[in-house]
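First up is the structure itself, then whatever we jot down about it.
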Amino acid sequence: MSALPLSPAPLSVFGGMRSKLTELKESGLYREFTPCSYLAEEPGTALHQGRRIQVWCTNDYLGMSQNPQVMEAQIASTLRHGTGNGGSRNIAGTSEAHVALETRLAAWHRKPRALVFTSGYVANFETLTTLLQAVPDMVVFSDALNHRSLIEGIRATKNRKHIFPHSDVAALEELLSQYETDRPKLIVFESVYSMDGDIAPIGAICDLADRYNAMTYLDETHAIGVNGPTGAGICEQLGEERATFVQGVFGKAVGTTGGYVAGPDEVLDYVRSHAPGFIFTTTIPRSSLDATRRSLDIVQSGAGGELRRKLRENALRMRTALRAAGIDFIDAESHLVPVLVPGGERVKRVSRRLLDEFDIYVQPVNYPSVAKGGERFRVTVAPFRTQDHIDAFVRALRICLDNA
């Protein structure tokens, strides 16, 4: 029996979307997506509309997604286990690789347990909503520049919430001091903030947590693989083990896909048992998990340490070249290099010209990801980039800025 054509009447309720999309485009805030297919044989290069382009805004910080050993691990696992697991974690979808990886992650962060999720966003949202709904009188203290996944996870609950100015320890303490010692409290923040590239005062925040009997939820997304002797993040770099929960991802420096949270055993067992986004979704394929495990072998080894050293050196080289060219940027502590190009339309014009004339792709970052007037490029300089690459990028950027 053929399906009846859908009447236009139900769709009329969405009529306001057209005008809102028009407003979005006219404001310069409409998001455009640049298709690019990465080439494993040429790290940092992708195909776009039939031509090769250089990608300077990828989160694959160490180039692990094109590492031959990692690719071989995924191919071998696919040939043995197939392309999917065929179920959710509680229905035929938990592989031995899930168990081994979660055990490894817990040990890496010196926590009793870890849970692997389908993405870092899901890990943050599902863990926070489940925790906060379980303890409705818990008060949340969230950094003003937290990632959207943290914001939405907190916003989805009815718990009392406070937003403190970015990395402002004094303001955070003032808020904490308003509550009695035995009131449950959770401080939510990140280690590396990707838009400015700055690093949170983790030790000072953990000191406040100790003083005011609070727990901490730390998102190490942009530090995993990049910081610390074995790449476990800023906490490992500082020798700081007091964060109650540590979140991380595989989709950036590890070069695969997925996210995780490490923390207390019984609490994460509760999350495992109650979080809808953990229970009711198909799991990451075994082949991807095996690629992740092989990537971690490298990231945690001396070879990973060498990649981290080259990444830091290249970030310094990029800053030096930008400074010499008179290009404004944020001199951040991390491996990220935010290049400031104020103006929503201006940053898009510069991005388009770089792509059209120089085969260079950097995604414009504008509101609401950053404040209006703070538009920028978030430039990353992977270990395989050379000084010649950096110099050519800066020359092209200077030309495009001069004519924007």
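For the structure tokens, the naming scheme is as follows: chains receive sequential letters (A, B, ...) according to their order of presentation, residues are indexed from 1 within each chain, and ligands are indexed from 1 in presentation order.
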(message) I want to know what sits within 12 Å of Pro368 of chain A, based on only C-alpha atoms, with residues of the same chain fewer than 6 positions away left out; could you give that as number ranges by chain?
(response) A: 24, 28-31, 145, 147-148, 195, 344, 374-375
(request) Just list the residues in segment 1-187 of chain A DSSP gives helix (DSSP H, G or I) on the backbone, as JSON, numbers by chain. (result) {"A": [8, 9, 10, 11, 12, 13, 14, 16, 17, 18, 19, 20, 21, 22, 23, 24, 25, 26, 64, 65, 66, 68, 69, 70, 71, 72, 73, 74, 75, 76, 77, 78, 79, 80, 81, 96, 97, 98, 99, 100, 101, 102, 103, 104, 105, 106, 107, 108, 120, 121, 122, 123, 124, 125, 126, 127, 128, 129, 130, 131, 132, 133, 134, 148, 149, 150, 151, 152, 153, 154, 155, 169, 170, 171, 172, 173, 174, 175, 176]}
With C-alpha atoms retained, write the just-selected residues as an mmCIF file, in the first residue's frame.
data_model
loop_
_atom_site.group_PDB
_atom_site.id
_atom_site.type_symbol
_atom_site.label_atom_id
_atom_site.label_comp_id
_atom_site.auth_asym_id
_atom_site.auth_seq_id
_atom_site.Cartn_x
_atom_site.Cartn_y
_atom_site.Cartn_z
ATOM 1 C CA PRO A 8 1.106 20.781 4.002
ATOM 2 C CA ALA A 9 -1.075 21.768 6.950
ATOM 3 C CA PRO A 10 1.024 20.102 9.696
ATOM 4 C CA LEU A 11 4.182 21.730 8.337
ATOM 5 C CA SER A 12 2.634 25.175 8.652
ATOM 6 C CA VAL A 13 3.457 25.164 12.377
ATOM 7 C CA PHE A 14 7.099 25.532 11.327
ATOM 8 C CA GLY A 16 8.359 30.895 11.572
ATOM 9 C CA MET A 17 11.571 29.003 10.841
ATOM 10 C CA ARG A 18 11.964 30.601 7.413
ATOM 11 C CA SER A 19 11.985 34.126 8.805
ATOM 12 C CA LYS A 20 14.323 33.129 11.614
ATOM 13 C CA LEU A 21 16.730 31.549 9.126
ATOM 14 C CA THR A 22 16.565 34.716 7.035
ATOM 15 C CA GLU A 23 17.378 36.795 10.123
ATOM 16 C CA LEU A 24 20.264 34.462 10.931
ATOM 17 C CA LYS A 25 21.731 34.844 7.444
ATOM 18 C CA GLU A 26 21.290 38.611 7.426
ATOM 19 C CA MET A 64 46.647 10.134 15.303
ATOM 20 C CA SER A 65 43.663 9.586 13.012
ATOM 21 C CA GLN A 66 46.124 9.038 10.154
ATOM 22 C CA PRO A 68 49.444 3.870 10.278
ATOM 23 C CA GLN A 69 49.415 1.718 13.420
ATOM 24 C CA VAL A 70 46.042 3.082 14.503
ATOM 25 C CA MET A 71 44.523 2.603 11.056
ATOM 26 C CA GLU A 72 45.900 -0.935 10.843
ATOM 27 C CA ALA A 73 44.396 -1.764 14.240
ATOM 28 C CA GLN A 74 40.952 -0.600 13.105
ATOM 29 C CA ILE A 75 41.154 -2.457 9.794
ATOM 30 C CA ALA A 76 42.288 -5.699 11.454
ATOM 31 C CA SER A 77 39.542 -5.439 14.065
ATOM 32 C CA THR A 78 36.908 -4.758 11.394
ATOM 33 C CA LEU A 79 37.946 -7.846 9.443
ATOM 34 C CA ARG A 80 37.684 -9.944 12.607
ATOM 35 C CA HIS A 81 34.664 -8.425 14.361
ATOM 36 C CA GLU A 96 35.593 -7.129 25.668
ATOM 37 C CA ALA A 97 37.233 -3.992 24.256
ATOM 38 C CA HIS A 98 34.733 -1.800 26.135
ATOM 39 C CA VAL A 99 35.631 -3.482 29.412
ATOM 40 C CA ALA A 100 39.376 -3.349 28.794
ATOM 41 C CA LEU A 101 39.281 0.294 27.703
ATOM 42 C CA GLU A 102 37.211 1.426 30.678
ATOM 43 C CA THR A 103 39.608 -0.350 33.048
ATOM 44 C CA ARG A 104 42.544 1.310 31.330
ATOM 45 C CA LEU A 105 40.996 4.784 31.453
ATOM 46 C CA ALA A 106 40.196 4.470 35.157
ATOM 47 C CA ALA A 107 43.802 3.539 35.892
ATOM 48 C CA TRP A 108 45.095 6.331 33.640
ATOM 49 C CA GLY A 120 32.310 13.701 24.663
ATOM 50 C CA TYR A 121 29.108 15.734 24.433
ATOM 51 C CA VAL A 122 27.020 12.726 25.447
ATOM 52 C CA ALA A 123 29.455 11.885 28.261
ATOM 53 C CA ASN A 124 29.071 15.359 29.761
ATOM 54 C CA PHE A 125 25.349 15.752 29.251
ATOM 55 C CA GLU A 126 24.324 12.300 30.439
ATOM 56 C CA THR A 127 26.642 12.175 33.440
ATOM 57 C CA LEU A 128 25.695 15.628 34.713
ATOM 58 C CA THR A 129 21.951 15.250 34.242
ATOM 59 C CA THR A 130 21.941 11.832 35.895
ATOM 60 C CA LEU A 131 24.056 12.955 38.847
ATOM 61 C CA LEU A 132 22.104 16.144 39.466
ATOM 62 C CA GLN A 133 18.689 14.531 39.136
ATOM 63 C CA ALA A 134 19.774 11.925 41.672
ATOM 64 C CA ARG A 148 27.798 23.770 25.603
ATOM 65 C CA SER A 149 27.621 20.094 26.597
ATOM 66 C CA LEU A 150 28.307 21.059 30.219
ATOM 67 C CA ILE A 151 25.861 23.962 30.075
ATOM 68 C CA GLU A 152 23.054 21.846 28.646
ATOM 69 C CA GLY A 153 23.685 19.015 31.102
ATOM 70 C CA ILE A 154 23.302 21.452 33.991
ATOM 71 C CA ARG A 155 20.419 23.389 32.426
ATOM 72 C CA VAL A 169 38.560 31.857 42.101
ATOM 73 C CA ALA A 170 37.555 34.714 44.397
ATOM 74 C CA ALA A 171 34.082 34.939 42.868
ATOM 75 C CA LEU A 172 33.695 31.181 43.109
ATOM 76 C CA GLU A 173 34.640 31.232 46.780
ATOM 77 C CA GLU A 174 32.127 33.971 47.492
ATOM 78 C CA LEU A 175 29.376 31.826 45.982
ATOM 79 C CA LEU A 176 30.478 28.675 47.795
#
(message) Residues of segment 270-343 of chain A classed as strand (DSSP E or B) by DSSP on the backbone are to be reported as a list in words.
(response) Thr282, Phe329, Val337, Pro338, Val339 and Leu340 of chain A
Could you save the residues just selected, with C-alpha atoms, as a compact mmCIF listing (two decimals), in the first residue's frame?
# COMPACT_ATOMS: atom_id res chain seq x y z
CA THR A 282 23.96 1.66 19.95
CA PHE A 329 46.36 36.58 18.42
CA VAL A 337 46.49 29.52 18.80
CA PRO A 338 43.40 31.78 18.64
CA VAL A 339 43.86 34.35 15.86
CA LEU A 340 41.61 37.37 16.35
(message) Which residues are near Ser119 of chain A? Cut-off 7 Å, only C-alpha atoms, ignore same chain within fewer than 4 positions. Put them as a PyMOL selection string.
(response) chain A and resi 123+257-259
If you count only C-alpha atoms, which residues fall within 12 Å of Arg346 of chain A, apart from same-chain ones fewer than 6 positions away, as an mmCIF file with all heavy atoms, in the first residue's frame?
data_model
loop_
_atom_site.group_PDB
_atom_site.id
_atom_site.type_symbol
_atom_site.label_atom_id
_atom_site.label_comp_id
_atom_site.auth_asym_id
_atom_site.auth_seq_id
_atom_site.Cartn_x
_atom_site.Cartn_y
_atom_site.Cartn_z
ATOM 1 N N GLY A 28 24.721 37.537 9.641
ATOM 2 C CA GLY A 28 26.067 36.998 9.446
ATOM 3 C C GLY A 28 26.390 35.835 10.353
ATOM 4 O O GLY A 28 27.535 35.373 10.393
ATOM 5 N N LEU A 29 25.395 35.316 11.076
ATOM 6 C CA LEU A 29 25.628 34.244 12.042
ATOM 7 C C LEU A 29 25.209 32.875 11.524
ATOM 8 O O LEU A 29 25.315 31.885 12.251
ATOM 9 C CB LEU A 29 24.882 34.546 13.355
ATOM 10 C CG LEU A 29 25.282 35.848 14.051
ATOM 11 C CD1 LEU A 29 24.460 36.042 15.315
ATOM 12 C CD2 LEU A 29 26.774 35.848 14.370
ATOM 13 N N LEU A 340 42.759 36.471 16.245
ATOM 14 C CA LEU A 340 41.612 37.374 16.355
ATOM 15 C C LEU A 340 41.337 38.092 15.036
ATOM 16 O O LEU A 340 42.217 38.748 14.477
ATOM 17 C CB LEU A 340 41.868 38.393 17.465
ATOM 18 C CG LEU A 340 42.067 37.777 18.867
ATOM 19 C CD1 LEU A 340 42.433 38.854 19.875
ATOM 20 C CD2 LEU A 340 40.818 37.026 19.306
ATOM 21 N N ARG A 352 36.893 32.583 3.559
ATOM 22 C CA ARG A 352 36.561 32.212 2.180
ATOM 23 C C ARG A 352 37.725 32.474 1.227
ATOM 24 O O ARG A 352 38.009 31.669 0.339
ATOM 25 C CB ARG A 352 35.316 32.983 1.707
ATOM 26 C CG ARG A 352 34.001 32.419 2.237
ATOM 27 C CD ARG A 352 32.813 33.001 1.487
ATOM 28 N NE ARG A 352 32.685 34.435 1.706
ATOM 29 C CZ ARG A 352 31.932 34.985 2.657
ATOM 30 N NH1 ARG A 352 31.250 34.217 3.483
ATOM 31 N NH2 ARG A 352 31.852 36.301 2.776
ATOM 32 N N ARG A 353 38.408 33.600 1.441
ATOM 33 C CA ARG A 353 39.508 33.916 0.532
ATOM 34 C C ARG A 353 40.694 32.969 0.740
ATOM 35 O O ARG A 353 41.338 32.556 -0.229
ATOM 36 C CB ARG A 353 39.956 35.371 0.729
ATOM 37 C CG ARG A 353 40.959 35.789 -0.325
ATOM 38 C CD ARG A 353 41.328 37.241 -0.278
ATOM 39 N NE ARG A 353 42.320 37.531 -1.319
ATOM 40 C CZ ARG A 353 43.038 38.628 -1.373
ATOM 41 N NH1 ARG A 353 42.860 39.587 -0.468
ATOM 42 N NH2 ARG A 353 43.921 38.802 -2.321
ATOM 43 N N PRO A 364 35.768 29.952 10.429
ATOM 44 C CA PRO A 364 35.513 31.160 11.229
ATOM 45 C C PRO A 364 34.725 30.808 12.481
ATOM 46 O O PRO A 364 33.773 30.031 12.422
ATOM 47 C CB PRO A 364 34.704 32.044 10.280
ATOM 48 C CG PRO A 364 34.089 31.115 9.285
ATOM 49 C CD PRO A 364 35.051 29.971 9.138
ATOM 50 N N VAL A 365 35.121 31.369 13.596
ATOM 51 C CA VAL A 365 34.426 31.155 14.863
ATOM 52 C C VAL A 365 33.768 32.473 15.253
ATOM 53 O O VAL A 365 34.444 33.479 15.435
ATOM 54 C CB VAL A 365 35.398 30.702 15.970
ATOM 55 C CG1 VAL A 365 34.649 30.500 17.283
ATOM 56 C CG2 VAL A 365 36.126 29.421 15.560
ATOM 57 N N ASN A 366 32.434 32.463 15.362
ATOM 58 C CA ASN A 366 31.732 33.697 15.700
ATOM 59 C C ASN A 366 30.683 33.427 16.777
ATOM 60 O O ASN A 366 30.624 32.342 17.353
ATOM 61 C CB ASN A 366 31.123 34.334 14.452
ATOM 62 C CG ASN A 366 30.261 33.367 13.657
ATOM 63 O OD1 ASN A 366 29.787 32.356 14.161
ATOM 64 N ND2 ASN A 366 30.053 33.677 12.387
ATOM 65 N N GLY A 373 32.364 40.622 18.346
ATOM 66 C CA GLY A 373 33.575 41.428 18.404
ATOM 67 C C GLY A 373 34.804 40.603 18.736
ATOM 68 O O GLY A 373 35.930 41.077 18.608
ATOM 69 N N GLY A 374 34.582 39.361 19.145
ATOM 70 C CA GLY A 374 35.698 38.465 19.472
ATOM 71 C C GLY A 374 35.874 37.360 18.454
ATOM 72 O O GLY A 374 36.453 36.309 18.757
ATOM 73 N N GLU A 375 35.389 37.584 17.235
ATOM 74 C CA GLU A 375 35.485 36.561 16.185
ATOM 75 C C GLU A 375 36.952 36.197 15.953
ATOM 76 O O GLU A 375 37.840 37.039 16.058
ATOM 77 C CB GLU A 375 34.844 37.072 14.888
ATOM 78 C CG GLU A 375 33.340 37.223 14.965
ATOM 79 C CD GLU A 375 32.876 38.506 15.634
ATOM 80 O OE1 GLU A 375 33.747 39.375 15.908
ATOM 81 O OE2 GLU A 375 31.670 38.660 15.877
ATOM 82 N N ARG A 376 37.157 34.936 15.556
ATOM 83 C CA ARG A 376 38.532 34.447 15.472
ATOM 84 C C ARG A 376 38.629 33.174 14.644
ATOM 85 O O ARG A 376 37.630 32.564 14.276
ATOM 86 C CB ARG A 376 39.064 34.164 16.876
ATOM 87 C CG ARG A 376 38.364 32.989 17.588
ATOM 88 C CD ARG A 376 38.599 32.999 19.074
ATOM 89 N NE ARG A 376 38.083 34.229 19.687
ATOM 90 C CZ ARG A 376 38.227 34.515 20.974
ATOM 91 N NH1 ARG A 376 38.854 33.692 21.777
ATOM 92 N NH2 ARG A 376 37.733 35.638 21.461
ATOM 93 N N PHE A 377 39.871 32.768 14.412
ATOM 94 C CA PHE A 377 40.189 31.424 13.943
ATOM 95 C C PHE A 377 40.866 30.699 15.099
ATOM 96 O O PHE A 377 41.714 31.277 15.788
ATOM 97 C CB PHE A 377 41.160 31.450 12.754
ATOM 98 C CG PHE A 377 40.641 32.148 11.534
ATOM 99 C CD1 PHE A 377 41.406 33.119 10.901
ATOM 100 C CD2 PHE A 377 39.405 31.828 11.006
ATOM 101 C CE1 PHE A 377 40.946 33.766 9.765
ATOM 102 C CE2 PHE A 377 38.924 32.472 9.873
ATOM 103 C CZ PHE A 377 39.697 33.440 9.247
ATOM 104 N N CYS A 400 45.202 38.138 3.138
ATOM 105 C CA CYS A 400 43.736 38.134 3.234
ATOM 106 C C CYS A 400 43.238 39.156 4.255
ATOM 107 O O CYS A 400 42.212 39.821 4.034
ATOM 108 C CB CYS A 400 43.226 36.742 3.590
ATOM 109 S SG CYS A 400 43.531 35.525 2.286
ATOM 110 N N LEU A 401 43.955 39.324 5.335
ATOM 111 C CA LEU A 401 43.570 40.312 6.337
ATOM 112 C C LEU A 401 43.702 41.732 5.806
ATOM 113 O O LEU A 401 42.879 42.603 6.098
ATOM 114 C CB LEU A 401 44.437 40.154 7.593
ATOM 115 C CG LEU A 401 44.150 38.926 8.472
ATOM 116 C CD1 LEU A 401 45.236 38.780 9.537
ATOM 117 C CD2 LEU A 401 42.779 39.030 9.130
ATOM 118 N N ASP A 402 44.737 41.962 5.009
ATOM 119 C CA ASP A 402 44.973 43.295 4.467
ATOM 120 C C ASP A 402 43.891 43.729 3.480
ATOM 121 O O ASP A 402 43.710 44.927 3.228
ATOM 122 C CB ASP A 402 46.332 43.355 3.774
ATOM 123 C CG ASP A 402 47.477 43.341 4.765
ATOM 124 O OD1 ASP A 402 47.252 43.611 5.939
ATOM 125 O OD2 ASP A 402 48.624 43.020 4.335
ATOM 126 N N ASN A 403 43.190 42.764 2.924
ATOM 127 C CA ASN A 403 42.189 43.086 1.915
ATOM 128 C C ASN A 403 40.775 42.717 2.367
ATOM 129 O O ASN A 403 39.888 42.486 1.557
ATOM 130 C CB ASN A 403 42.517 42.356 0.608
ATOM 131 C CG ASN A 403 43.803 42.859 -0.023
ATOM 132 O OD1 ASN A 403 43.803 43.851 -0.717
ATOM 133 N ND2 ASN A 403 44.892 42.161 0.237
ATOM 134 N N ALA A 404 40.594 42.646 3.697
ATOM 135 C CA ALA A 404 39.281 42.282 4.231
ATOM 136 C C ALA A 404 38.551 43.489 4.743
ATOM 137 O O ALA A 404 37.519 43.380 5.361
ATOM 138 C CB ALA A 404 39.452 41.240 5.333
#
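Proximity to Leu355 of chain A was assessed for A:Pro342, A:Ala40, A:Ala46, A:Leu218 counting only C-alpha atoms; the smallest distance is recorded for A:Ala46.
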(request) Might you pull out every residue within 9 Å of Ser88 of chain A, with only C-alpha atoms counted and same-chain residues fewer than 6 positions away left off, and present them as a ChimeraX atom specification? (result) /A:94,278-283
Take the selection from the previous step and output its residues with N, CA and C atoms, as a PDB file, in the first residue's frame.
ATOM      1  N   THR A  94      28.130  -4.683  24.597  1.00  0.00           N
ATOM      2  CA  THR A  94      29.353  -4.494  25.381  1.00  0.00           C
ATOM      3  C   THR A  94      30.382  -5.532  24.948  1.00  0.00           C
ATOM      4  N   PHE A 278      23.364   6.556  27.813  1.00  0.00           N
ATOM      5  CA  PHE A 278      24.327   5.458  27.909  1.00  0.00           C
ATOM      6  C   PHE A 278      23.643   4.131  27.607  1.00  0.00           C
ATOM      7  N   ILE A 279      22.414   3.982  28.119  1.00  0.00           N
ATOM      8  CA  ILE A 279      21.713   2.703  28.033  1.00  0.00           C
ATOM      9  C   ILE A 279      21.035   2.494  26.682  1.00  0.00           C
ATOM     10  N   PHE A 280      20.360   3.538  26.180  1.00  0.00           N
ATOM     11  CA  PHE A 280      19.457   3.355  25.052  1.00  0.00           C
ATOM     12  C   PHE A 280      20.043   3.842  23.731  1.00  0.00           C
ATOM     13  N   THR A 281      21.272   3.513  23.461  1.00  0.00           N
ATOM     14  CA  THR A 281      21.869   3.895  22.176  1.00  0.00           C
ATOM     15  C   THR A 281      22.868   2.829  21.759  1.00  0.00           C
ATOM     16  N   THR A 282      23.010   2.635  20.460  1.00  0.00           N
ATOM     17  CA  THR A 282      23.959   1.661  19.947  1.00  0.00           C
ATOM     18  C   THR A 282      25.383   2.086  20.300  1.00  0.00           C
ATOM     19  N   THR A 283      26.214   1.125  20.631  1.00  0.00           N
ATOM     20  CA  THR A 283      27.546   1.425  21.137  1.00  0.00           C
ATOM     21  C   THR A 283      28.556   1.707  20.022  1.00  0.00           C
TER      22      THR A 283
END
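Distances from A:Arg242, A:Ser142, A:Ser351, A:Gly233 to Glu32 of chain A were compared using only C-alpha atoms, and the smallest one belongs to A:Ser351.
Between atom CA of Arg51 of chain A and atom CA of Val347 of chain A the interatomic distance comes to 22.8 Å.
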Fewer than 4 positions away in the same chain doesn't count, so skip those; otherwise give me all residues within 12 Å of Thr216 of chain A, counting only C-alpha atoms, as a CSV table (one decimal) with N, CA, C and O atoms, in the first residue's frame.
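Everything below was put into around_13.csv:
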chain,number,residue,atom,x,y,z
A,128,LEU,N,26.1,14.5,33.9
A,128,LEU,CA,25.7,15.6,34.7
A,128,LEU,C,24.2,15.6,35.0
A,128,LEU,O,23.8,15.7,36.2
A,139,VAL,N,23.9,21.9,44.7
A,139,VAL,CA,24.1,23.2,44.1
A,139,VAL,C,25.2,23.1,43.1
A,139,VAL,O,26.3,22.5,43.4
A,140,VAL,N,25.0,23.7,41.9
A,140,VAL,CA,26.0,23.6,40.8
A,140,VAL,C,26.7,24.9,40.6
A,140,VAL,O,26.0,26.0,40.6
A,141,PHE,N,28.0,24.9,40.5
A,141,PHE,CA,28.8,26.2,40.2
A,141,PHE,C,29.5,25.9,38.9
A,141,PHE,O,30.4,25.1,38.8
A,142,SER,N,29.1,26.7,37.9
A,142,SER,CA,29.6,26.5,36.5
A,142,SER,C,30.4,27.6,36.0
A,142,SER,O,30.0,28.8,36.1
A,143,ASP,N,31.6,27.4,35.4
A,143,ASP,CA,32.4,28.4,34.8
A,143,ASP,C,31.6,29.1,33.7
A,143,ASP,O,31.0,28.4,32.9
A,184,PRO,N,25.2,19.5,49.5
A,184,PRO,CA,25.9,19.0,48.3
A,184,PRO,C,26.2,20.1,47.3
A,184,PRO,O,25.4,20.9,47.0
A,185,LYS,N,27.5,20.1,46.8
A,185,LYS,CA,27.9,21.1,45.9
A,185,LYS,C,28.8,20.4,44.8
A,185,LYS,O,29.5,19.5,45.0
A,186,LEU,N,28.7,20.9,43.6
A,186,LEU,CA,29.5,20.4,42.4
A,186,LEU,C,30.0,21.6,41.6
A,186,LEU,O,29.2,22.4,41.1
A,187,ILE,N,31.3,21.7,41.5
A,187,ILE,CA,32.0,22.7,40.7
A,187,ILE,C,32.3,22.1,39.3
A,187,ILE,O,33.0,21.1,39.2
A,188,VAL,N,31.8,22.7,38.2
A,188,VAL,CA,32.0,22.2,36.9
A,188,VAL,C,32.8,23.2,36.1
A,188,VAL,O,32.5,24.3,36.0
A,189,PHE,N,33.9,22.7,35.6
A,189,PHE,CA,34.8,23.5,34.8
A,189,PHE,C,35.7,22.7,33.9
A,189,PHE,O,35.6,21.5,33.8
A,190,GLU,N,36.5,23.4,33.0
A,190,GLU,CA,37.4,22.7,32.1
A,190,GLU,C,38.8,23.0,32.4
A,190,GLU,O,39.1,23.9,33.2
A,191,SER,N,39.7,22.1,31.9
A,191,SER,CA,41.1,22.4,32.1
A,191,SER,C,41.7,23.3,31.1
A,191,SER,O,42.3,24.3,31.4
A,202,ILE,N,43.4,24.9,38.3
A,202,ILE,CA,42.8,23.6,38.8
A,202,ILE,C,43.1,23.5,40.3
A,202,ILE,O,42.3,23.1,41.1
A,203,GLY,N,44.4,23.7,40.6
A,203,GLY,CA,44.8,23.5,42.0
A,203,GLY,C,44.0,24.4,43.0
A,203,GLY,O,43.5,23.9,44.0
A,204,ALA,N,43.8,25.6,42.6
A,204,ALA,CA,43.1,26.6,43.4
A,204,ALA,C,41.6,26.2,43.6
A,204,ALA,O,41.0,26.4,44.6
A,205,ILE,N,41.1,25.7,42.5
A,205,ILE,CA,39.7,25.3,42.5
A,205,ILE,C,39.5,24.1,43.4
A,205,ILE,O,38.5,23.9,44.1
A,206,CYS,N,40.4,23.1,43.3
A,206,CYS,CA,40.4,22.0,44.1
A,206,CYS,C,40.6,22.3,45.6
A,206,CYS,O,40.0,21.7,46.5
A,207,ASP,N,41.4,23.3,45.9
A,207,ASP,CA,41.6,23.8,47.2
A,207,ASP,C,40.2,24.3,47.8
A,207,ASP,O,39.8,24.0,48.9
A,208,LEU,N,39.5,25.1,47.0
A,208,LEU,CA,38.2,25.6,47.4
A,208,LEU,C,37.2,24.4,47.6
A,208,LEU,O,36.4,24.4,48.5
A,209,ALA,N,37.3,23.4,46.7
A,209,ALA,CA,36.4,22.3,46.9
A,209,ALA,C,36.7,21.6,48.2
A,209,ALA,O,35.7,21.2,48.9
A,210,ASP,N,37.9,21.5,48.6
A,210,ASP,CA,38.3,20.9,49.9
A,210,ASP,C,37.8,21.7,51.0
A,210,ASP,O,37.2,21.2,52.0
A,212,TYR,N,35.3,23.9,51.1
A,212,TYR,CA,33.8,24.0,51.2
A,212,TYR,C,33.1,22.7,51.0
A,212,TYR,O,31.9,22.8,50.8
A,241,GLU,N,45.4,15.2,41.7
A,241,GLU,CA,44.5,14.0,41.6
A,241,GLU,C,43.2,14.2,42.3
A,241,GLU,O,42.4,13.3,42.5
A,242,ARG,N,42.9,15.4,42.7
A,242,ARG,CA,41.7,15.7,43.6
A,242,ARG,C,40.4,15.8,42.8
A,242,ARG,O,39.4,15.8,43.4
A,243,ALA,N,40.4,16.0,41.5
A,243,ALA,CA,39.2,16.2,40.8
A,243,ALA,C,38.3,14.9,41.0
A,243,ALA,O,38.8,13.8,40.8
A,244,THR,N,37.1,15.1,41.4
A,244,THR,CA,36.2,14.0,41.6
A,244,THR,C,35.9,13.3,40.4
A,244,THR,O,35.9,12.0,40.3
A,245,PHE,N,35.5,14.0,39.3
A,245,PHE,CA,35.2,13.4,38.0
A,245,PHE,C,36.1,14.0,37.0
A,245,PHE,O,36.3,15.2,37.0
A,246,VAL,N,36.6,13.2,36.1
A,246,VAL,CA,37.4,13.7,34.9
A,246,VAL,C,36.8,13.2,33.7
A,246,VAL,O,36.5,12.0,33.5
A,247,GLN,N,36.5,14.1,32.7
A,247,GLN,CA,35.9,13.8,31.4
A,247,GLN,C,37.0,13.9,30.4
A,247,GLN,O,37.8,14.8,30.4
A,262,ALA,N,35.7,9.4,34.1
A,262,ALA,CA,36.3,8.6,35.1
A,262,ALA,C,36.0,9.2,36.5
A,262,ALA,O,35.9,10.5,36.6
A,263,GLY,N,35.7,8.4,37.5
A,263,GLY,CA,35.4,8.9,38.8
A,263,GLY,C,35.1,7.8,39.8
A,263,GLY,O,35.5,6.7,39.6
A,264,PRO,N,34.3,8.2,40.8
A,264,PRO,CA,34.0,7.2,41.9
A,264,PRO,C,33.2,6.0,41.4
A,264,PRO,O,32.4,6.1,40.5
(request) For Asp60 of chain A, list every protein, DNA or RNA residue within 7 Å, evaluated using only C-alpha atoms, and leave out those in the same chain fewer than 6 positions away; present the list as a PyMOL selection string. (result) chain A and resi 252-253+255
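For the pair atom CA of Thr45 of chain A and atom CA of Ala396 of chain A, the separation is 16.7 Å.
Here atom CA of Ser95 of chain A and atom CA of Asp290 of chain A stand 10.4 Å from one another.
Using only C-alpha atoms, the smallest distance between any of A:Ala223, A:Val362, A:Leu307, A:Val267 and Arg385 of chain A comes from A:Leu307.
Candidate residues A:Phe117, A:Asn146, A:Arg110, A:Ala315 were compared for distance to Asp331 of chain A, and the nearest is A:Ala315, using only C-alpha atoms.
Each of A:Met138, A:Ile284, A:Val379, A:Ala324 was checked against Met215 of chain A using only C-alpha atoms; the smallest atom-to-atom distance is that of A:Met138.
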